[in-house]
file upload-v6.txt (compact mmCIF, C-alpha atoms)
# COMPACT_ATOMS: atom_id res chain seq x y z
CA MET X 25 -15.80 -19.85 -34.29
CA ALA X 26 -12.39 -18.47 -35.09
CA SER X 27 -12.56 -15.41 -32.84
CA GLY X 28 -13.73 -17.52 -29.93
CA GLU X 29 -10.78 -19.88 -30.34
CA LEU X 30 -8.44 -16.95 -30.48
CA ALA X 31 -9.84 -15.53 -27.26
CA LEU X 32 -9.48 -18.92 -25.61
CA GLN X 33 -5.89 -19.22 -26.75
CA SER X 34 -4.86 -15.82 -25.53
CA GLY X 35 -6.73 -16.57 -22.32
CA GLU X 36 -4.64 -19.67 -21.87
CA CYS X 37 -1.42 -17.79 -22.47
CA VAL X 38 -1.91 -15.71 -19.36
CA ALA X 39 -3.70 -18.45 -17.43
CA ALA X 40 -0.53 -19.40 -15.59
CA GLY X 41 -0.22 -15.86 -14.21
CA VAL X 42 -3.85 -15.10 -13.39
CA PRO X 43 -4.63 -17.54 -10.56
CA ALA X 44 -1.32 -16.70 -8.91
CA GLU X 45 -2.13 -13.01 -9.20
CA ARG X 46 -5.64 -13.48 -7.84
CA LEU X 47 -4.26 -15.49 -4.95
CA LEU X 48 -1.76 -12.76 -4.19
CA VAL X 49 -4.46 -10.05 -4.35
CA ASP X 50 -6.71 -12.09 -2.05
CA ARG X 51 -3.93 -12.50 0.48
CA CYS X 52 -3.24 -8.75 0.33
CA ARG X 53 -6.91 -8.00 0.94
CA GLN X 54 -6.81 -10.20 4.01
CA GLY X 55 -4.10 -7.90 5.32
CA ASP X 56 -1.09 -10.13 4.79
CA PRO X 57 1.87 -7.70 4.80
CA GLU X 58 4.22 -10.28 3.24
CA ALA X 59 1.88 -10.67 0.29
CA PHE X 60 1.65 -6.95 -0.23
CA SER X 61 5.44 -6.56 -0.12
CA ARG X 62 5.63 -9.27 -2.75
CA LEU X 63 3.06 -7.51 -4.90
CA VAL X 64 5.08 -4.29 -4.70
CA ALA X 65 8.35 -6.09 -5.43
CA LEU X 66 6.78 -7.68 -8.53
CA HIS X 67 5.63 -4.37 -9.97
CA GLU X 68 8.03 -1.74 -8.64
CA GLY X 69 10.39 -1.92 -11.61
CA MET X 70 7.68 -1.27 -14.14
CA VAL X 71 6.02 1.45 -12.06
CA PHE X 72 9.31 3.26 -11.53
CA ASN X 73 10.36 3.03 -15.16
CA LEU X 74 7.03 4.36 -16.42
CA ALA X 75 7.00 7.20 -13.87
CA ALA X 76 10.63 8.06 -14.63
CA ARG X 77 9.99 8.25 -18.36
CA LEU X 78 6.82 10.31 -17.91
CA LEU X 79 8.30 12.72 -15.36
CA GLY X 80 11.95 12.71 -16.42
CA ASP X 81 13.21 12.80 -12.85
CA SER X 82 14.31 9.88 -10.73
CA GLU X 83 13.48 11.40 -7.35
CA GLU X 84 10.01 12.42 -8.43
CA ALA X 85 9.60 8.93 -9.85
CA ARG X 86 10.65 7.32 -6.57
CA ASP X 87 8.21 9.48 -4.60
CA LEU X 88 5.46 8.81 -7.05
CA SER X 89 6.08 5.05 -7.04
CA GLN X 90 5.55 5.03 -3.27
CA GLU X 91 2.33 7.02 -3.63
CA VAL X 92 1.11 4.65 -6.32
CA PHE X 93 1.58 1.59 -4.10
CA LEU X 94 0.01 3.32 -1.11
CA GLN X 95 -2.99 3.98 -3.32
CA VAL X 96 -2.95 0.37 -4.48
CA TYR X 97 -2.90 -0.69 -0.81
CA ARG X 98 -5.83 1.54 0.10
CA HIS X 99 -7.96 0.70 -2.92
CA LEU X 100 -7.17 -2.95 -3.51
CA GLY X 101 -10.68 -3.70 -2.29
CA ARG X 102 -12.03 -1.81 -5.29
CA PHE X 103 -9.96 -3.78 -7.79
CA GLN X 104 -12.53 -5.82 -9.70
CA GLY X 105 -10.18 -8.09 -11.57
CA ARG X 106 -11.81 -7.09 -14.86
CA SER X 107 -8.48 -5.85 -16.18
CA SER X 108 -5.17 -7.32 -15.11
CA LEU X 109 -3.56 -6.00 -11.95
CA LYS X 110 -0.76 -4.59 -14.09
CA THR X 111 -3.17 -2.55 -16.23
CA TRP X 112 -4.90 -1.27 -13.11
CA ILE X 113 -1.58 -0.19 -11.59
CA TYR X 114 -0.47 1.41 -14.88
CA ARG X 115 -3.65 3.49 -14.83
CA ILE X 116 -2.90 4.70 -11.31
CA VAL X 117 0.64 5.63 -12.37
CA VAL X 118 -0.61 7.67 -15.33
CA ASN X 119 -3.24 9.45 -13.21
CA GLN X 120 -0.74 10.29 -10.49
CA CYS X 121 1.81 11.52 -13.01
CA ARG X 122 -0.84 13.72 -14.59
CA ASN X 123 -1.74 15.26 -11.23
CA ARG X 124 1.88 15.83 -10.38
CA GLN X 125 2.50 17.44 -13.74
CA ARG X 126 -0.08 20.06 -12.93
CA TRP X 127 1.71 21.10 -9.78
CA TRP X 128 5.33 20.53 -10.51
CA ARG X 129 5.51 21.38 -14.18
CA ARG X 130 9.02 22.11 -15.39
CA ARG X 131 10.37 22.24 -11.91
CA ARG X 132 13.59 20.35 -12.38
CA VAL X 133 14.19 20.05 -16.07
CA ASP X 134 17.95 20.16 -15.58
CA ARG X 135 17.89 16.90 -13.68
CA ALA X 136 16.60 14.78 -16.56
CA SER X 137 20.10 13.41 -17.01
CA SER X 138 19.99 11.77 -13.58
CA LEU X 139 17.80 9.05 -15.08
CA GLU X 140 20.48 7.55 -17.26
CA GLU X 141 22.64 6.76 -14.26
CA LEU X 142 19.96 4.37 -13.07
CA THR X 143 20.10 2.09 -16.08
CA SER X 144 19.94 -1.44 -14.79
CA ALA X 145 22.99 -3.66 -14.72
CA GLU X 146 21.29 -6.27 -16.92
CA GLU X 147 20.59 -3.58 -19.47
CA ALA X 148 24.27 -2.70 -19.64
CA LYS X 149 25.15 -6.38 -19.95
CA ALA X 150 22.58 -6.89 -22.70
CA SER X 151 23.93 -4.01 -24.72
CA THR X 152 27.43 -5.39 -24.22
CA ALA X 153 26.31 -8.75 -25.56
CA ALA X 154 24.54 -7.13 -28.51
CA CYS X 155 27.72 -5.33 -29.52
CA GLY X 156 29.67 -8.58 -29.37
CA GLY X 157 32.09 -7.33 -26.76
CA PRO X 158 32.45 -4.90 -23.90
CA GLU X 159 31.12 -1.49 -24.85
CA SER X 160 33.79 1.18 -25.06
CA PRO X 161 33.42 4.24 -22.81
CA PHE X 162 32.86 6.25 -25.99
CA ASP X 163 29.96 4.04 -27.11
CA GLN X 164 28.55 4.16 -23.59
CA ALA X 165 28.67 7.93 -23.58
CA CYS X 166 27.02 8.07 -27.01
CA ARG X 167 24.25 5.75 -25.92
CA ARG X 168 23.67 7.77 -22.77
CA GLU X 169 23.62 11.02 -24.69
CA ARG X 170 21.19 9.64 -27.25
CA SER X 171 18.82 8.50 -24.59
CA GLN X 172 19.06 11.87 -22.81
CA ARG X 173 18.15 13.65 -26.01
CA VAL X 174 15.14 11.40 -26.52
CA GLN X 175 14.07 11.92 -22.90
CA ALA X 176 14.35 15.70 -23.23
CA ALA X 177 12.31 15.64 -26.43
CA LEU X 178 9.70 13.47 -24.69
CA LEU X 179 9.38 15.94 -21.84
CA ALA X 180 8.71 18.74 -24.30
CA LEU X 181 5.57 16.97 -25.53
CA PRO X 182 2.16 17.67 -23.99
CA PHE X 183 1.43 15.14 -21.25
CA HIS X 184 -1.36 13.26 -23.09
CA HIS X 185 0.89 12.81 -26.15
CA ARG X 186 3.83 11.71 -24.03
CA THR X 187 1.69 9.16 -22.22
CA VAL X 188 0.48 7.30 -25.32
CA LEU X 189 3.95 7.41 -26.85
CA VAL X 190 5.68 5.98 -23.77
CA LEU X 191 3.01 3.31 -23.24
CA ARG X 192 3.20 2.27 -26.88
CA GLU X 193 6.91 2.49 -27.68
CA VAL X 194 8.66 2.09 -24.33
CA GLU X 195 6.25 -0.23 -22.54
CA GLY X 196 5.17 -1.97 -25.75
CA LEU X 197 1.40 -1.92 -25.12
CA SER X 198 -1.08 -2.21 -27.99
CA CYS X 199 -3.25 0.74 -29.01
CA GLU X 200 -6.25 -1.26 -27.86
CA GLY X 201 -4.66 -1.88 -24.47
CA ILE X 202 -3.80 1.79 -24.08
CA ALA X 203 -7.33 2.81 -25.06
CA SER X 204 -8.93 0.58 -22.44
CA MET X 205 -6.42 1.62 -19.79
CA LEU X 206 -6.91 5.34 -20.37
CA GLU X 207 -10.63 4.90 -21.04
CA LEU X 208 -10.34 6.60 -24.42
CA PRO X 209 -11.65 5.62 -27.86
CA GLU X 210 -9.01 3.69 -29.78
CA GLY X 211 -9.15 6.26 -32.59
CA THR X 212 -8.14 8.99 -30.16
CA VAL X 213 -5.16 6.95 -29.00
CA LYS X 214 -4.06 6.40 -32.60
CA SER X 215 -4.35 10.04 -33.59
CA ARG X 216 -2.49 11.16 -30.45
CA LEU X 217 0.17 8.59 -31.20
CA ALA X 218 0.56 9.87 -34.78
CA ARG X 219 0.84 13.48 -33.61
CA ALA X 220 3.25 12.60 -30.80
CA ARG X 221 5.51 10.63 -33.13
CA ASP X 222 5.53 13.50 -35.57
CA SER X 223 6.43 16.09 -32.91
CA LEU X 224 9.21 13.88 -31.66
CA ARG X 225 10.47 13.36 -35.20
CA ARG X 226 10.58 17.12 -35.66
CA SER X 227 12.55 17.72 -32.49
CA LEU X 228 14.97 14.82 -33.00
CA PHE X 229 15.55 15.41 -36.70
CA PRO X 230 15.17 19.16 -36.96
CA GLU X 231 17.02 19.44 -40.25
CA LEU X 232 14.09 17.84 -42.03
CA GLY X 233 11.25 20.29 -41.85
CA GLU X 234 7.96 20.24 -43.60
CA GLY X 235 9.56 22.18 -46.45
CA ARG X 236 9.67 19.21 -48.73
CA LEU X 237 5.97 18.64 -48.74
CA PRO X 238 4.75 19.74 -52.17
CA MET W 12 -2.26 8.97 -53.10
CA ASN W 13 -0.62 12.35 -52.53
CA CYS W 14 2.07 13.21 -49.97
CA ARG W 15 -0.33 14.76 -47.50
CA SER W 16 -2.62 11.75 -47.23
CA ALA W 17 0.32 9.33 -47.27
CA ARG W 18 1.97 11.12 -44.35
CA ARG W 19 -1.26 11.18 -42.43
CA ARG W 20 -1.35 7.39 -42.63
CA LEU W 21 2.31 6.71 -41.91
CA SER W 22 1.94 6.22 -38.16
CA ALA W 23 -0.84 3.67 -38.60
CA PHE W 24 1.10 2.11 -41.48
CA LEU W 25 4.15 1.56 -39.29
CA ASP W 26 1.92 -0.01 -36.64
CA GLY W 27 0.48 -2.35 -39.28
CA ASP W 28 -2.96 -0.90 -38.64
CA LEU W 29 -3.97 -0.03 -42.21
CA VAL W 30 -6.35 -2.16 -44.24
CA PRO W 31 -4.46 -3.93 -47.07
CA VAL W 32 -5.73 -1.64 -49.84
CA GLU W 33 -4.59 1.46 -47.96
CA ALA W 34 -1.28 -0.10 -47.02
CA ARG W 35 -0.64 -0.92 -50.68
CA ALA W 36 -1.42 2.67 -51.65
CA VAL W 37 1.04 3.96 -49.04
CA ILE W 38 3.74 1.55 -50.22
CA GLY W 39 3.11 2.66 -53.81
CA HIS W 40 3.53 6.28 -52.81
CA LEU W 41 6.67 5.65 -50.78
CA GLU W 42 8.27 3.86 -53.73
CA ALA W 43 7.69 6.91 -55.88
CA CYS W 44 8.40 9.75 -53.42
CA SER W 45 11.82 10.11 -51.83
CA GLY W 46 10.66 12.91 -49.49
CA CYS W 47 7.98 10.75 -47.92
CA ARG W 48 10.35 7.81 -47.82
CA GLU W 49 12.70 9.88 -45.71
CA HIS W 50 9.80 11.00 -43.54
CA ALA W 51 8.82 7.35 -42.96
CA ARG W 52 12.41 6.43 -42.17
CA ASP W 53 12.58 9.19 -39.55
CA LEU W 54 9.32 8.10 -38.00
CA SER W 55 10.52 4.56 -37.61
CA ALA W 56 13.83 5.88 -36.25
CA VAL W 57 11.79 7.71 -33.59
CA SER W 58 10.03 4.48 -32.64
CA GLU W 59 13.32 2.66 -32.55
CA ALA W 60 14.99 5.31 -30.39
CA LEU W 61 12.13 5.10 -27.91
CA SER W 62 12.04 1.33 -27.75
CA GLN W 63 15.80 1.28 -27.19
CA MET W 64 15.69 3.59 -24.21
CA PRO W 65 17.21 1.65 -21.33
CA ARG W 66 14.96 0.62 -18.47
CA VAL W 67 15.73 2.62 -15.37
CA GLU W 68 15.80 0.88 -12.03
CA PRO W 69 14.63 2.40 -8.73
CA PRO W 70 17.60 3.53 -6.61
CA GLY W 71 16.43 1.48 -3.61
CA SER W 72 13.73 -1.02 -2.75
CA ILE W 73 10.32 0.58 -3.14
CA ALA W 74 8.72 -2.42 -1.45
CA LEU W 75 10.62 -1.68 1.78
CA ALA W 76 9.79 2.02 1.64
CA VAL W 77 6.10 1.28 1.09
CA ARG W 78 6.07 -1.22 3.97
CA ASP W 79 7.45 1.45 6.30
CA ARG W 80 4.94 4.03 5.16
CA ILE W 81 2.05 1.64 5.66
CA GLU W 82 3.38 0.89 9.12
CA VAL W 83 3.37 4.59 10.00
CA GLU W 84 -0.09 5.11 8.48
CA SER W 85 -1.72 2.17 10.19
CA ARG W 86 -0.72 3.04 13.76
CA GLY W 87 -3.76 5.16 14.48
CA PRO W 88 -3.99 8.52 16.24
CA GLY W 89 -1.56 9.18 19.04
CA LEU W 90 0.17 11.85 21.01
CA ALA W 91 2.41 14.34 19.37
CA LEU W 92 5.32 15.75 21.24
CA LEU W 93 6.05 19.31 20.30
CA PHE W 94 9.71 19.95 20.91
CA ARG W 95 10.44 23.60 21.04
CA SER W 96 13.47 25.22 19.57
CA SER W 97 15.09 25.86 22.92
CA TRP W 98 16.15 22.83 24.93
CA ARG W 99 15.19 24.66 28.13
CA ALA W 100 11.56 24.69 27.11
CA ARG W 101 9.69 21.57 28.15
CA PRO W 102 8.14 19.61 25.35
CA LEU W 103 4.45 20.25 24.89
CA MET W 104 2.28 17.20 24.49
CA LEU W 105 -0.75 17.56 22.35
CA PRO W 106 -3.22 15.07 20.97
CA SER W 107 -2.48 14.44 17.36
CA LEU W 108 -5.16 13.99 14.76
CA ILE W 109 -2.48 12.77 12.48
CA PRO W 110 -2.35 8.99 12.46
CA ALA W 111 0.90 7.98 14.12
CA ALA W 112 1.62 6.89 17.63
CA LEU W 113 5.27 7.81 17.51
CA VAL W 114 5.26 11.42 16.66
CA VAL W 115 7.88 14.03 17.18
CA VAL W 116 7.45 17.66 16.46
CA THR W 117 10.41 19.92 16.35
CA VAL W 118 10.51 23.59 15.77
CA LEU W 119 12.94 25.20 13.46
CA ALA W 120 12.86 28.92 13.54
CA ALA W 121 14.74 31.04 11.13
CA ALA W 122 15.19 34.73 11.55
CA LEU W 123 16.27 36.38 8.37
CA ALA W 124 17.10 39.98 7.88
CA LEU W 125 15.10 41.69 5.19
CA ASP W 126 17.85 43.59 3.50
CA GLY W 127 20.84 41.31 3.61
CA GLU W 128 22.94 43.25 6.12
CA PRO W 129 26.20 41.57 7.15
CA ALA W 130 24.57 40.76 10.49
CA ALA W 131 22.03 38.68 8.64
CA GLN W 132 24.76 36.59 7.11
CA GLY W 133 25.79 35.51 10.58
CA ILE W 134 22.31 34.31 11.23
CA LEU W 135 22.13 32.50 7.96
CA ASP W 136 25.28 30.47 8.32
CA GLY W 137 24.27 29.27 11.73
CA SER W 138 26.97 31.04 13.74
CA TRP W 139 24.28 33.07 15.42
CA GLY W 140 23.47 30.29 17.84
CA SER W 141 20.39 28.23 18.16
CA GLY W 142 18.31 30.07 15.61
CA LEU W 143 18.64 27.35 13.04
CA GLN W 144 19.50 24.56 15.42
CA ALA W 145 16.96 21.77 15.09
CA SER W 146 15.73 19.86 18.09
CA GLY W 147 17.26 16.46 18.32
CA THR W 148 20.83 17.71 17.96
CA ASP W 149 23.34 17.76 20.78
CA ALA W 150 22.81 21.48 21.22
CA ASN W 151 19.12 20.93 21.58
CA PRO W 152 18.44 17.38 22.73
CA LEU W 153 15.03 15.81 22.73
CA GLN W 154 13.52 14.58 25.96
CA PRO W 155 13.43 10.81 26.33
CA VAL W 156 10.11 9.00 26.38
CA ALA W 157 9.96 5.48 27.82
CA GLY W 158 10.96 2.91 25.22
CA VAL W 159 11.17 5.44 22.47
CA ARG W 160 14.22 6.88 20.90
CA VAL W 161 13.20 9.55 18.47
CA PRO W 162 14.97 9.76 15.12
CA ARG W 163 17.80 12.24 15.02
CA VAL W 164 19.09 14.08 12.04
CA ARG W 165 22.54 12.87 11.07
CA GLY W 166 25.38 15.30 10.67
CA THR W 167 25.20 18.77 12.14
CA GLY W 168 21.41 18.90 12.11
CA ARG W 169 21.79 22.41 10.89
CA PHE W 170 19.30 23.39 8.31
CA PRO W 171 20.86 24.72 5.09
CA ALA W 172 20.05 28.37 5.44
CA GLU W 173 20.12 29.12 1.74
CA ALA W 174 17.09 26.87 1.38
CA LEU W 175 15.07 29.35 3.40
CA THR W 176 16.05 32.46 1.50
CA GLY W 177 13.31 32.21 -1.10
CA MET W 178 10.61 31.05 1.30
CA ALA W 179 7.70 33.38 1.99
CA GLU W 180 7.45 34.75 5.53
CA GLY W 181 5.32 32.50 7.68
CA THR W 182 5.17 29.00 9.02
CA LEU W 183 5.17 25.59 7.42
CA PHE W 184 3.94 22.53 9.27
CA LEU W 185 5.63 19.53 7.75
CA GLU W 186 5.65 15.79 8.16
CA THR W 187 8.77 13.83 7.38
CA VAL W 188 8.30 10.08 7.21
CA VAL W 189 11.55 8.44 8.34
CA ALA W 190 12.11 4.84 7.30
CA ARG W 191 13.58 2.09 9.44
CA ASP W 192 16.91 2.63 7.76
CA GLY W 193 16.86 6.36 8.48
CA SER W 194 16.16 7.54 4.96
CA VAL W 195 13.41 10.05 4.26
CA LEU W 196 10.43 8.43 2.58
CA ALA W 197 8.25 11.48 2.13
CA VAL W 198 7.94 15.10 3.10
CA ASN W 199 4.33 16.24 3.29
CA VAL W 200 3.15 19.79 3.79
CA LEU W 201 0.33 19.67 6.33
CA ASP W 202 -0.20 23.38 6.67
CA GLY W 203 1.28 26.64 5.58
CA ASN W 204 2.14 28.63 2.54
CA THR W 205 4.09 26.44 0.12
CA ALA W 206 4.92 29.32 -2.19
CA LEU W 207 8.65 29.25 -2.87
CA ALA W 208 9.11 26.47 -0.32
CA ALA W 209 10.40 23.97 -2.90
CA PRO W 210 14.07 24.39 -1.82
CA VAL W 211 13.08 23.77 1.81
CA LEU W 212 11.20 20.60 0.90
CA GLU W 213 14.09 19.53 -1.27
CA ALA W 214 16.58 19.99 1.57
CA LEU W 215 14.33 18.07 3.98
CA ARG W 216 13.97 15.25 1.50
CA ARG W 217 17.74 14.88 1.42
CA GLU W 218 18.13 14.61 5.19
CA ARG W 219 19.40 11.40 6.74
CA PHE W 220 18.37 10.29 10.21
CA TRP W 221 19.53 7.93 12.89
CA PRO W 222 16.38 5.84 12.84
CA GLY W 223 13.77 5.95 15.57
CA LEU W 224 13.78 3.01 17.99
CA TYR W 225 10.91 1.52 19.89
CA ASN W 226 12.01 -0.91 22.60
CA GLY W 227 15.31 -1.19 20.82
CA ARG W 228 13.79 -2.09 17.47
CA PRO W 229 14.07 0.35 14.54
CA VAL W 230 10.67 1.62 13.47
CA ALA W 231 9.39 3.93 10.79
CA VAL W 232 8.35 7.21 12.33
CA SER W 233 6.76 10.45 11.26
CA VAL W 234 8.56 13.55 12.41
CA TYR W 235 6.46 16.68 12.46
CA ARG W 236 8.18 20.00 12.21
CA LEU W 237 7.24 23.57 12.24
CA ILE W 238 9.49 25.75 10.16
CA SER W 239 8.97 29.43 10.64
CA ARG W 240 10.58 32.20 8.81
CA LEU W 241 10.21 35.67 10.09
CA ASP W 242 11.93 38.63 8.62
CA VAL W 243 13.52 40.99 11.09
CA ARG W 244 15.12 44.28 10.35
CA PRO W 245 18.46 44.99 11.99
CA PRO W 246 18.09 47.62 14.72
CA LEU W 247 18.57 51.20 13.63
CA THR W 248 21.81 52.68 14.83
call {"tool": "encode", "arguments": {"input": "upload-v6.txt", "output": "structure tokens"}}
result
Amino acid sequence: MASGELALQSGECVAAGVPAERLLVDRCRQGDPEAFSRLVALHEGMVFNLAARLLGDSEEARDLSQEVFLQVYRHLGRFQGRSSLKTWIYRIVVNQCRNRQRWWRRRRVDRASSLEELTSAEEAKASTAACGGPESPFDQACRRERSQRVQAALLALPFHHRTVLVLREVEGLSCEGIASMLELPEGTVKSRLARARDSLRRSLFPELGEGRLP
Amino acid sequence: MNCRSARRRLSAFLDGDLVPVEARAVIGHLEACSGCREHARDLSAVSEALSQMPRVEPPGSIALAVRDRIEVESRGPGLALLFRSSWRARPLMLPSLIPAALVVVTVLAAALALDGEPAAQGILDGSWGSGLQASGTDANPLQPVAGVRVPRVRGTGRFPAEALTGMAEGTLFLETVVARDGSVLAVNVLDGNTALAAPVLEALRRERFWPGLYNGRPVAVSVYRLISRLDVRPPLT
């Protein structure tokens, strides 16, 4: 059966990671502090990046990342292993960001720019390589400004639109993956995605309104 | 296919989620309609802009910070030392329900004049004496406990007075979790009115400490503090 084979294949793709992950989780559950530090070190980059993009503030994101891992530490016993550890952690990040949004909404909008100073060194190197030479200060400034504009436009979206957009376009998850992570029907994810993309299009390219629609 | 239904399908089209017959209809429409073509181009530019956003890296190791916080959390209930704002007052020891064996409570009291008289300015900038002087500074040293050196705020230890100006009158009971390297891991409000206290929390989050030591070894410690603000009117002349 074709679908069965496909499932087997994709299962094999991640097979190398799964036993190692399970082993790590088991060691954490037994209270091995080294193992837990390793688990955090493996996921801290992705947790921080997602939180930073959803909240638009690096200090909030740092705080939230700590809270996320404390929650992981306390609730690791509840982790069933039905989804991957990464998906489970992503879900905690989104939930925590949502809670924080309620309390701290629009508290420090002016600090959104602080994010771009935290771009990783590899990222800068990669963009240098892509341009075929060292990036000029002007290009750097343009890139930074562009990404600040996108971040500001993201923050103007409602939280549930921003979440699907960031998970899809920044983190590169599939609609199906997002749906199962957020426990939503896939259709809802797709319609939110369409609306979020359209709002972002309108704020990034304001000169093109809906006027042209006959 | 008209513009409206084509545009409704563009997002799914760009994701490759349309069934072939629908996708062909969208392509057919885009070939004929320059407006929708532009719309589609903008939508894919949005996706591209998002996917090209650089990854941001945490400013320090989160793993280390989390390790320290777990250490503080897992110590179990202990004794809290309440250090009062005057160094002459003996520290009060009280059983703490808050899980941490190494606990320090300091009291910061701020007296602010209600109507911004010049006298109030003196209080605010700290020249008024110990009003804003935190325990743990040279002016107000903490009492030693065997084997324990409590964390001390670096620098003057003077609380930025402007942070208190917006705060509602009353008392905040706060926990600051200090990491082994002396950085502040978290500031938690345990009790009190948090209305307009954001600048206070912000200032506390920026503090740097000389780390707490236990038998000579740096440890993560929770520092509990009471910050009171009471408004006093200057005496009538």
call {"tool": "atom_distance", "arguments": {"input": "upload-v6.txt", "atom1": "CA of Trp221 (chain W)", "atom2": "CA of Ile73 (chain W)"}}
result
19.9 Å
call {"tool": "residues_around", "arguments": {"input": "upload-v6.txt", "residues": "Tyr114 (chain X)", "least_positions_apart": "3", "cutoff": "12 Å", "atoms": "all atoms listed in the file", "output": "ChimeraX atom specification"}}
result
/X:67-75,78,89,92-93,96,107-111,117-121,187,190-191,195,197,201-202,204-206
call {"tool": "closest_residue", "arguments": {"input": "upload-v6.txt", "among": "W:Glu218, W:Asp79, W:Glu186, W:Asp192", "to": "chain X", "atoms": "all atoms listed in the file"}}
result
W:Asp79
call {"tool": "residues_around", "arguments": {"input": "upload-v6.txt", "residues": "region 216-224 of chain X", "least_positions_apart": "4", "cutoff": "9 Å", "atoms": "only C-alpha atoms", "output": "JSON, numbers by chain"}}
result
{"X": [174, 177, 178, 180, 181, 182, 184, 185, 186, 188, 189, 192, 199, 211, 212, 228, 229], "W": [19, 20, 21, 22, 23, 54, 57, 58]}
call {"tool": "closest_atom_pairs", "arguments": {"input": "upload-v6.txt", "of": "chain W", "to": "chain X", "cutoff": "7 Å", "atoms": "all atoms listed in the file", "output": "tab-separated table"}}
result
residue	atom	partner	partner_atom	distance
W:Cys14	CA	X:Leu237	CA	6.8
W:Ser22	CA	X:Ala218	CA	5.2
W:Gly46	CA	X:Arg236	CA	6.4
W:Asp53	CA	X:Arg225	CA	6.4
W:Leu54	CA	X:Arg225	CA	6.1
W:Val57	CA	X:Arg225	CA	6.0
W:Ser58	CA	X:Glu193	CA	6.2
W:Leu61	CA	X:Val194	CA	5.8
W:Ser62	CA	X:Val194	CA	4.9
W:Met64	CA	X:Ser171	CA	5.8
W:Pro65	CA	X:Thr143	CA	6.0
W:Arg66	CA	X:Thr143	CA	5.9
W:Val67	CA	X:Thr143	CA	4.5
W:Glu68	CA	X:Ser144	CA	5.5
W:Pro69	CA	X:Phe72	CA	6.1
W:Pro70	CA	X:Leu142	CA	6.9
W:Ile73	CA	X:Glu68	CA	6.4
W:Ala74	CA	X:Val64	CA	5.2
W:Val77	CA	X:Gln90	CA	5.8
W:Arg78	CA	X:Ser61	CA	6.8
call {"tool": "atom_distance", "arguments": {"input": "upload-v6.txt", "atom1": "CA of Ala176 (chain X)", "atom2": "CA of Arg122 (chain X)"}}
result
17.6 Å
call {"tool": "atom_distance", "arguments": {"input": "upload-v6.txt", "atom1": "CA of Arg219 (chain W)", "atom2": "CA of Gly193 (chain W)"}}
result
5.9 Å
call {"tool": "residues_near_point", "arguments": {"input": "upload-v6.txt", "point": "(20.5, 12.8, 11.8)", "cutoff": "6 Å", "atoms": "all atoms listed in the file", "output": "count of residues only"}}
result
7
